[in-house]
Amino acid sequence: MTRPEQISELAAELSRESIISFDTEFIRESTFYPVVEVIQVGTEKKSWLIDAQAFRGSAEKKQGLEPLLDIFRNRNILKIVHAAQGDQECLFTAWGVIATPSLDTAVAASFCGYGDGVGLGNLLKSLLGVTLKKGHARTNWGVRPLPAQLLEYAHSDVIHLVEAGRKLLDQLDKLGRREWAMELSARFEDPSLYEPEPDQLTQKLARGGKLDIKGFAVLRELMRWREARVRQLNLPRRWVADDQVLMDLAQVRPKDAGHLSAFRGLGKGEIKHSSEHILQAIRTGLEKSTQVEMPDRVRADIPSDDEKRVIDLLQCYVGILADQHQIAVKHVATSAQLLPLLRARDRSVEDWVRGGLLSSGAAQIMGQEIREFLQGRRALSVGTKKVNVVQVS
C-alpha cells in the first residue's frame with residue numbers, strides 16, 4: 001500500500017476487529033533511528049503490507065498514515081506482536097505513536113512453557129504446526145520493488161500471529177498468567193524506553209564508583225553533547241563516541257585539541273568538527289561540579305563462601321520450579337535476586353514482594369516453595385535421571 005486512500009480503507013476494516021497483529025521491517029546499520037521500510041498488519045484471515053517509504057518525509061506524506069496510527073492507538077483493539085521492542089521503537093521514532101494495548105508473543109510464550117526468547121518460527125511451529133521460510137535476516141528492505149519472495153516472507157510474519165496470540169491467551173488464562181504477561185508486554189509501550197534522557201544514561205554509566213564528583217559532572221556534559229550530536233546526524237552512538245570513550249574523557253579531562261586527538265574511539269572527522277564542543281563540555285562540567293549531586297554508587301554485594309554454595313543450590317532449585325511450572329526462570333528470580341532472597345529467608349513472602357525481592361506473580365506461584373527451601377523444609381534429591389524436590393519432615 002502506498003496511497004492515503006488505501007490506508008483509510010484498511011483502517012476502516014481493522015476498526016471492526018478486536019485483535020490484530022503487526023510487525024515492521026527496518027534498517028539500522030548506519031543510523032541512530034531505525035529506518036522503517038515496511039509495516040505489516042494482519043487479522044486472523046488477511047494481511048496487508050504498507051510501504052513506509054511512501055509515508056515519510058513531508059508532513060503531508062506522514063498524515064496519510066494517520067488512520068492506521070489511530071488503529072495502533074485504539075485501546076479497544078489488542079495488538080499482537082512478536083519481540084515487541086524493536087517494532088514499538090519503529091512506530092515511536094518514525095511517527096510518535098505506540099501500539100497499545102499489546103501482547104508480546106515472545107513474552108507470552110515464556111509464561112507457557114515454550115522457553116525464554118523463543119523465535120517466531122519455532123513458536124508458530126509449536127503452536128500451529130506452521131513452518132516459516134528462513135534466510136531473510138540480512139535483507140535490504142529498502143529496495144523497490146521488493147521481490148516476490150520478500151513480500152511472501154513479510155506477509156508470513158503477521159498472517160499467523162492473531163491465531164497464535166489467541167492460543168497463547170487461552171493458555172495464559174488456564175494458567176492464571178494473562179495479567180502478568182500483559183503487564184510485561186506493556187513495558188515496551190513506555191516511550192521513555194526509546195528516548196532515554198542523557199542524565200539517566202550518565203547515572204547508569206557512572207554506577208560503579210570509578211568517577212569522582214568532577215568526573216561525573218564532566219561525564220554528564222559529555223553525554224548531553226553526544227546524545228544531541230547523534231540525533232542531529234542520525235548516526236549510531238559508536239560512530240560518534242562510545243560509552244568507554246566518554247568515560248575516559250571524563251576521567252582524563254583533556255584541556256586542548258592536541259590532547260583530545262590522542263583519544264582512540266573519536267574519529268578524525270568528529271575531532272575536526274566537535275573538538276571545541278567536547279572541550280567546552282569538559283570545562284562546563286568542571287565549572288558545575290560543585291553543584292552536582294553524585295548518584296548512589298551501586299556495587300555488587302559479595303556473598304560469603306557459605307552463601308555462594310547456598311546460592312548455587314537455590315539457583316538449581318529455582319530452575320527446577322520454573323521447569324515444573326513451565327515458566328521462564330527469569331520471571332521467577334534473576335541471579336541478582338538470589339543473595340537478597342537468601343539473606344531475607346526469615347521474612348514472609350509478602351515482605352519479599354513489598355521489598356522488591358520477588359514479583360507478585362512469582363510469589364503467588366512459587367513464593368512459599370522458595371521460602372520453605374531457604375528454611376530447610378524442602379530439599380533436592382538425585383534420582384536416576386533427574387534432580388527431584390522432596391519435602392523435609
# chains A, B, ... in the order shown; residues from 1 in each chain; ligands from 1

$ select_by_dssp --residues "segment 29-132 of chain A" --states "strand (DSSP E or B)" --output "number ranges by chain"
A: 35-42, 47-51, 78-81, 102-104

$ write_last_selection --atoms "C-alpha atoms" --output "CSV table (one decimal), in the first residue's frame"
chain,number,residue,atom,x,y,z
A,35,VAL,CA,14.5,3.5,9.2
A,36,VAL,CA,11.2,1.8,8.8
A,37,GLU,CA,10.7,0.3,5.3
A,38,VAL,CA,7.6,-1.9,5.6
A,39,ILE,CA,4.7,-2.2,8.1
A,40,GLN,CA,2.8,-5.5,8.2
A,41,VAL,CA,-0.7,-5.7,9.6
A,42,GLY,CA,-2.9,-8.7,9.9
A,47,SER,CA,-2.7,-9.5,6.0
A,48,TRP,CA,-1.5,-6.2,4.4
A,49,LEU,CA,1.8,-4.6,3.6
A,50,ILE,CA,2.3,-0.8,3.9
A,51,ASP,CA,5.2,0.8,2.1
A,78,LEU,CA,-5.4,-5.7,21.1
A,79,LYS,CA,-2.3,-5.7,19.1
A,80,ILE,CA,-0.3,-9.0,18.8
A,81,VAL,CA,3.4,-8.6,18.1
A,102,SER,CA,-0.3,-5.1,23.1
A,103,LEU,CA,0.6,-8.7,23.7
A,104,ASP,CA,4.2,-9.7,23.0

$ select_by_dssp --residues "segment 292-349 of chain A" --states "alpha helix (DSSP H)" --output "count of residues only"
30

$ closest_residue --among "A:Asp305, A:Phe263, A:Asp170, A:Pro4" --to "Glu60 of chain A" --atoms "only C-alpha atoms"
A:Pro4

$ residues_around --residues "segment 116-119 of chain A" --least-positions-apart "5" --cutoff "10 Å" --atoms "only C-alpha atoms" --output "PyMOL selection string"
chain A and resi 82-83+105-111+124+327-331

$ write_last_selection --atoms "C-alpha atoms" --output "PDB file, in the first residue's frame"
ATOM      1  CA  HIS A  82       6.448 -10.828  18.479  1.00  0.00           C
ATOM      2  CA  ALA A  83       9.522  -9.413  20.271  1.00  0.00           C
ATOM      3  CA  THR A 105       4.018 -13.346  21.936  1.00  0.00           C
ATOM      4  CA  ALA A 106       7.653 -13.872  22.971  1.00  0.00           C
ATOM      5  CA  VAL A 107       6.735 -12.761  26.498  1.00  0.00           C
ATOM      6  CA  ALA A 108       3.523 -14.791  26.494  1.00  0.00           C
ATOM      7  CA  ALA A 109       5.377 -17.890  25.285  1.00  0.00           C
ATOM      8  CA  SER A 110       7.844 -17.601  28.163  1.00  0.00           C
ATOM      9  CA  PHE A 111       4.909 -17.998  30.579  1.00  0.00           C
ATOM     10  CA  LEU A 124       4.497 -20.920  15.243  1.00  0.00           C
ATOM     11  CA  ILE A 327       7.726 -20.554  33.054  1.00  0.00           C
ATOM     12  CA  ALA A 328      10.983 -18.882  32.032  1.00  0.00           C
ATOM     13  CA  VAL A 329      13.314 -18.808  35.031  1.00  0.00           C
ATOM     14  CA  LYS A 330      13.959 -15.061  34.642  1.00  0.00           C
ATOM     15  CA  HIS A 331      10.319 -14.442  35.632  1.00  0.00           C
TER      16      HIS A 331
END

$ residues_around --residues "Cys316 of chain A" --least-positions-apart "5" --cutoff "12 Å" --atoms "only C-alpha atoms" --output "list of chain:residue names"
A:Arg309, A:Val310, A:Ile311, A:Leu321, A:Ala322, A:Asp323, A:Val329, A:Ala333, A:Ser335, A:Leu338, A:Ile370, A:Phe373, A:Ala379, A:Leu380, A:Ser381, A:Lys386, A:Val387, A:Asn388, A:Val389

$ write_last_selection --atoms "C-alpha atoms" --output "PDB file, in the first residue's frame"
ATOM      1  CA  ARG A 309      27.254 -22.610  47.997  1.00  0.00           C
ATOM      2  CA  VAL A 310      23.656 -21.991  49.057  1.00  0.00           C
ATOM      3  CA  ILE A 311      23.103 -19.689  46.082  1.00  0.00           C
ATOM      4  CA  LEU A 321      10.485 -24.918  39.939  1.00  0.00           C
ATOM      5  CA  ALA A 322      10.448 -22.879  36.730  1.00  0.00           C
ATOM      6  CA  ASP A 323      10.504 -26.072  34.655  1.00  0.00           C
ATOM      7  CA  VAL A 329      13.314 -18.808  35.031  1.00  0.00           C
ATOM      8  CA  ALA A 333      14.168 -14.789  40.110  1.00  0.00           C
ATOM      9  CA  SER A 335      20.748 -14.211  39.652  1.00  0.00           C
ATOM     10  CA  LEU A 338      19.195 -14.775  44.882  1.00  0.00           C
ATOM     11  CA  ILE A 370      11.211 -20.926  47.716  1.00  0.00           C
ATOM     12  CA  PHE A 373      13.597 -24.361  50.658  1.00  0.00           C
ATOM     13  CA  ALA A 379      15.470 -30.367  49.692  1.00  0.00           C
ATOM     14  CA  LEU A 380      16.918 -31.629  46.438  1.00  0.00           C
ATOM     15  CA  SER A 381      17.463 -35.324  45.831  1.00  0.00           C
ATOM     16  CA  LYS A 386      16.920 -36.088  37.240  1.00  0.00           C
ATOM     17  CA  VAL A 387      17.091 -33.952  40.355  1.00  0.00           C
ATOM     18  CA  ASN A 388      13.915 -34.029  42.440  1.00  0.00           C
ATOM     19  CA  VAL A 389      12.410 -31.790  45.096  1.00  0.00           C
TER      20      VAL A 389
END

$ atom_distance --atom1 "atom CA of Ala59 of chain A" --atom2 "atom CA of Ala12 of chain A"
22.2 Å

$ atom_distance --atom1 "atom CA of Asp256 of chain A" --atom2 "atom CA of Asp199 of chain A"
25.1 Å

$ residues_around --residues "Ile159 of chain A" --least-positions-apart "3" --cutoff "10 Å" --atoms "only C-alpha atoms" --output "JSON, numbers by chain"
{"A": [20, 21, 22, 40, 41, 42, 43, 44, 45, 46, 47, 48, 154, 155, 156, 162, 163, 164]}

$ closest_residue --among "A:Leu184, A:Asp242, A:Gln291, A:Leu169" --to "Lys214 of chain A" --atoms "only C-alpha atoms"
A:Gln291

$ residues_around --residues "Gln149 of chain A" --least-positions-apart "3" --cutoff "12 Å" --atoms "only C-alpha atoms" --output "list in words"
Lys133, Lys134, Gly135, His136, Thr139, Trp141, Pro145, Leu146, Glu152, Tyr153, Ala154, His155 and Ser156 of chain A

$ residues_around --residues "segment 173-177 of chain A" --least-positions-apart "2" --cutoff "10 Å" --atoms "only C-alpha atoms" --output "compact mmCIF listing (two decimals) with N, CA and C atoms, in the first residue's frame"
# COMPACT_ATOMS: atom_id res chain seq x y z
N ALA A 108 4.59 -13.84 26.17
CA ALA A 108 3.52 -14.79 26.49
C ALA A 108 4.04 -16.22 26.45
N PHE A 111 5.77 -17.64 29.45
CA PHE A 111 4.91 -18.00 30.58
C PHE A 111 4.15 -19.30 30.34
N CYS A 112 4.32 -19.87 29.15
CA CYS A 112 3.52 -21.04 28.77
C CYS A 112 4.38 -22.27 28.45
N LYS A 167 -4.30 -18.40 20.92
CA LYS A 167 -3.94 -19.66 21.58
C LYS A 167 -3.14 -19.39 22.84
N LEU A 168 -2.21 -18.46 22.76
CA LEU A 168 -1.41 -18.13 23.94
C LEU A 168 -2.27 -17.50 25.03
N LEU A 169 -3.21 -16.66 24.65
CA LEU A 169 -4.11 -16.06 25.64
C LEU A 169 -4.94 -17.13 26.34
N ASP A 170 -5.40 -18.13 25.59
CA ASP A 170 -6.15 -19.23 26.20
C ASP A 170 -5.28 -19.98 27.21
N GLN A 171 -4.03 -20.23 26.83
CA GLN A 171 -3.12 -20.94 27.73
C GLN A 171 -2.81 -20.09 28.96
N GLU A 179 -2.71 -11.60 33.11
CA GLU A 179 -2.41 -10.25 33.62
C GLU A 179 -0.90 -10.04 33.73
N TRP A 180 -0.19 -11.04 34.16
CA TRP A 180 1.27 -10.94 34.31
C TRP A 180 1.92 -10.75 32.94
N ALA A 181 1.51 -11.53 31.95
CA ALA A 181 2.08 -11.41 30.60
C ALA A 181 1.74 -10.06 29.98
N MET A 182 0.53 -9.58 30.19
CA MET A 182 0.14 -8.27 29.64
C MET A 182 0.94 -7.15 30.31
N GLU A 183 1.19 -7.30 31.60
CA GLU A 183 1.97 -6.29 32.34
C GLU A 183 3.39 -6.19 31.78
N HIS A 325 6.67 -25.46 36.55
CA HIS A 325 5.54 -24.56 36.31
C HIS A 325 5.51 -24.03 34.88
N GLN A 326 6.43 -24.50 34.03
CA GLN A 326 6.50 -24.11 32.62
C GLN A 326 6.56 -22.59 32.46
N GLY A 361 3.66 -11.93 40.86
CA GLY A 361 3.31 -13.13 40.10
C GLY A 361 4.13 -14.33 40.52
N ILE A 365 2.86 -17.92 42.59
CA ILE A 365 3.01 -19.25 42.02
C ILE A 365 3.93 -20.13 42.86

$ atom_distance --atom1 "atom CA of Leu91 of chain A" --atom2 "atom CA of Met223 of chain A"
25.3 Å

$ closest_residue --among "A:Gln364, A:Thr131, A:Ser275, A:Thr100" --to "Gly258 of chain A" --atoms "only C-alpha atoms"
A:Ser275

$ closest_residue --among "A:Arg166, A:Arg3, A:Lys255, A:Arg226" --to "Ile19 of chain A" --atoms "only C-alpha atoms"
A:Arg166

$ closest_residue --among "A:Leu219, A:Gln375, A:Glu270, A:Leu68" --to "Leu235 of chain A" --atoms "only C-alpha atoms"
A:Glu270

$ decode --residues "segment 60-142 of chain A" --atoms "C-alpha atoms" --output "mmCIF file, in the first residue's frame"
data_model
loop_
_atom_site.group_PDB
_atom_site.id
_atom_site.type_symbol
_atom_site.label_atom_id
_atom_site.label_comp_id
_atom_site.auth_asym_id
_atom_site.auth_seq_id
_atom_site.Cartn_x
_atom_site.Cartn_y
_atom_site.Cartn_z
ATOM 1 C CA GLU A 60 1.601 15.756 4.217
ATOM 2 C CA LYS A 61 3.059 12.316 3.497
ATOM 3 C CA LYS A 62 3.087 11.387 7.170
ATOM 4 C CA GLN A 63 -0.526 12.498 7.502
ATOM 5 C CA GLY A 64 -1.529 9.840 5.003
ATOM 6 C CA LEU A 65 -0.674 7.141 7.569
ATOM 7 C CA GLU A 66 -2.719 8.732 10.356
ATOM 8 C CA PRO A 67 -5.767 6.430 10.069
ATOM 9 C CA LEU A 68 -3.539 3.400 10.685
ATOM 10 C CA LEU A 69 -1.777 5.172 13.555
ATOM 11 C CA ASP A 70 -5.206 5.739 15.103
ATOM 12 C CA ILE A 71 -5.739 1.969 14.971
ATOM 13 C CA PHE A 72 -2.458 1.447 16.831
ATOM 14 C CA ARG A 73 -3.660 3.949 19.467
ATOM 15 C CA ASN A 74 -7.128 2.377 19.758
ATOM 16 C CA ARG A 75 -7.331 0.806 23.210
ATOM 17 C CA ASN A 76 -10.290 -1.357 22.181
ATOM 18 C CA ILE A 77 -8.118 -3.354 19.782
ATOM 19 C CA LEU A 78 -5.446 -5.715 21.130
ATOM 20 C CA LYS A 79 -2.253 -5.732 19.053
ATOM 21 C CA ILE A 80 -0.308 -8.985 18.800
ATOM 22 C CA VAL A 81 3.412 -8.581 18.095
ATOM 23 C CA HIS A 82 6.448 -10.828 18.479
ATOM 24 C CA ALA A 83 9.522 -9.413 20.271
ATOM 25 C CA ALA A 84 7.840 -6.034 20.545
ATOM 26 C CA GLN A 85 10.639 -3.659 21.499
ATOM 27 C CA GLY A 86 12.076 -3.065 18.034
ATOM 28 C CA ASP A 87 8.652 -2.675 16.420
ATOM 29 C CA GLN A 88 7.388 -0.280 19.082
ATOM 30 C CA GLU A 89 10.564 1.780 18.729
ATOM 31 C CA CYS A 90 9.979 1.994 14.971
ATOM 32 C CA LEU A 91 6.454 3.332 15.428
ATOM 33 C CA PHE A 92 7.513 5.797 18.098
ATOM 34 C CA THR A 93 10.619 7.243 16.465
ATOM 35 C CA ALA A 94 9.076 7.454 12.983
ATOM 36 C CA TRP A 95 5.538 8.625 13.793
ATOM 37 C CA GLY A 96 5.410 9.308 17.531
ATOM 38 C CA VAL A 97 2.929 6.527 18.280
ATOM 39 C CA ILE A 98 2.991 3.424 20.495
ATOM 40 C CA ALA A 99 0.758 0.429 19.778
ATOM 41 C CA THR A 100 -1.396 -0.176 22.846
ATOM 42 C CA PRO A 101 -2.656 -2.417 24.330
ATOM 43 C CA SER A 102 -0.264 -5.093 23.116
ATOM 44 C CA LEU A 103 0.614 -8.707 23.746
ATOM 45 C CA ASP A 104 4.189 -9.708 23.002
ATOM 46 C CA THR A 105 4.018 -13.346 21.936
ATOM 47 C CA ALA A 106 7.653 -13.872 22.971
ATOM 48 C CA VAL A 107 6.735 -12.761 26.498
ATOM 49 C CA ALA A 108 3.523 -14.791 26.494
ATOM 50 C CA ALA A 109 5.377 -17.890 25.285
ATOM 51 C CA SER A 110 7.844 -17.601 28.163
ATOM 52 C CA PHE A 111 4.909 -17.998 30.579
ATOM 53 C CA CYS A 112 3.523 -21.045 28.774
ATOM 54 C CA GLY A 113 6.480 -23.407 28.697
ATOM 55 C CA TYR A 114 7.929 -22.521 25.282
ATOM 56 C CA GLY A 115 11.178 -21.167 26.701
ATOM 57 C CA ASP A 116 12.786 -17.766 27.040
ATOM 58 C CA GLY A 117 13.382 -15.773 23.847
ATOM 59 C CA VAL A 118 11.734 -18.286 21.513
ATOM 60 C CA GLY A 119 11.877 -17.211 17.870
ATOM 61 C CA LEU A 120 8.710 -16.635 15.883
ATOM 62 C CA GLY A 121 9.401 -19.563 13.567
ATOM 63 C CA ASN A 122 9.826 -22.054 16.395
ATOM 64 C CA LEU A 123 6.819 -20.669 18.251
ATOM 65 C CA LEU A 124 4.497 -20.920 15.243
ATOM 66 C CA LYS A 125 5.702 -24.443 14.560
ATOM 67 C CA SER A 126 4.988 -25.476 18.157
ATOM 68 C CA LEU A 127 1.646 -23.686 18.421
ATOM 69 C CA LEU A 128 0.178 -24.086 14.949
ATOM 70 C CA GLY A 129 2.356 -26.559 13.063
ATOM 71 C CA VAL A 130 3.308 -23.743 10.658
ATOM 72 C CA THR A 131 6.800 -23.623 9.160
ATOM 73 C CA LEU A 132 8.125 -20.207 8.143
ATOM 74 C CA LYS A 133 10.714 -19.789 5.418
ATOM 75 C CA LYS A 134 14.089 -18.561 6.675
ATOM 76 C CA GLY A 135 17.010 -16.679 5.193
ATOM 77 C CA HIS A 136 15.956 -13.006 5.168
ATOM 78 C CA ALA A 137 17.585 -11.746 8.353
ATOM 79 C CA ARG A 138 20.051 -9.509 6.450
ATOM 80 C CA THR A 139 17.659 -8.384 3.738
ATOM 81 C CA ASN A 140 17.783 -4.833 2.424
ATOM 82 C CA TRP A 141 14.138 -3.893 2.860
ATOM 83 C CA GLY A 142 14.770 -0.514 1.257
#
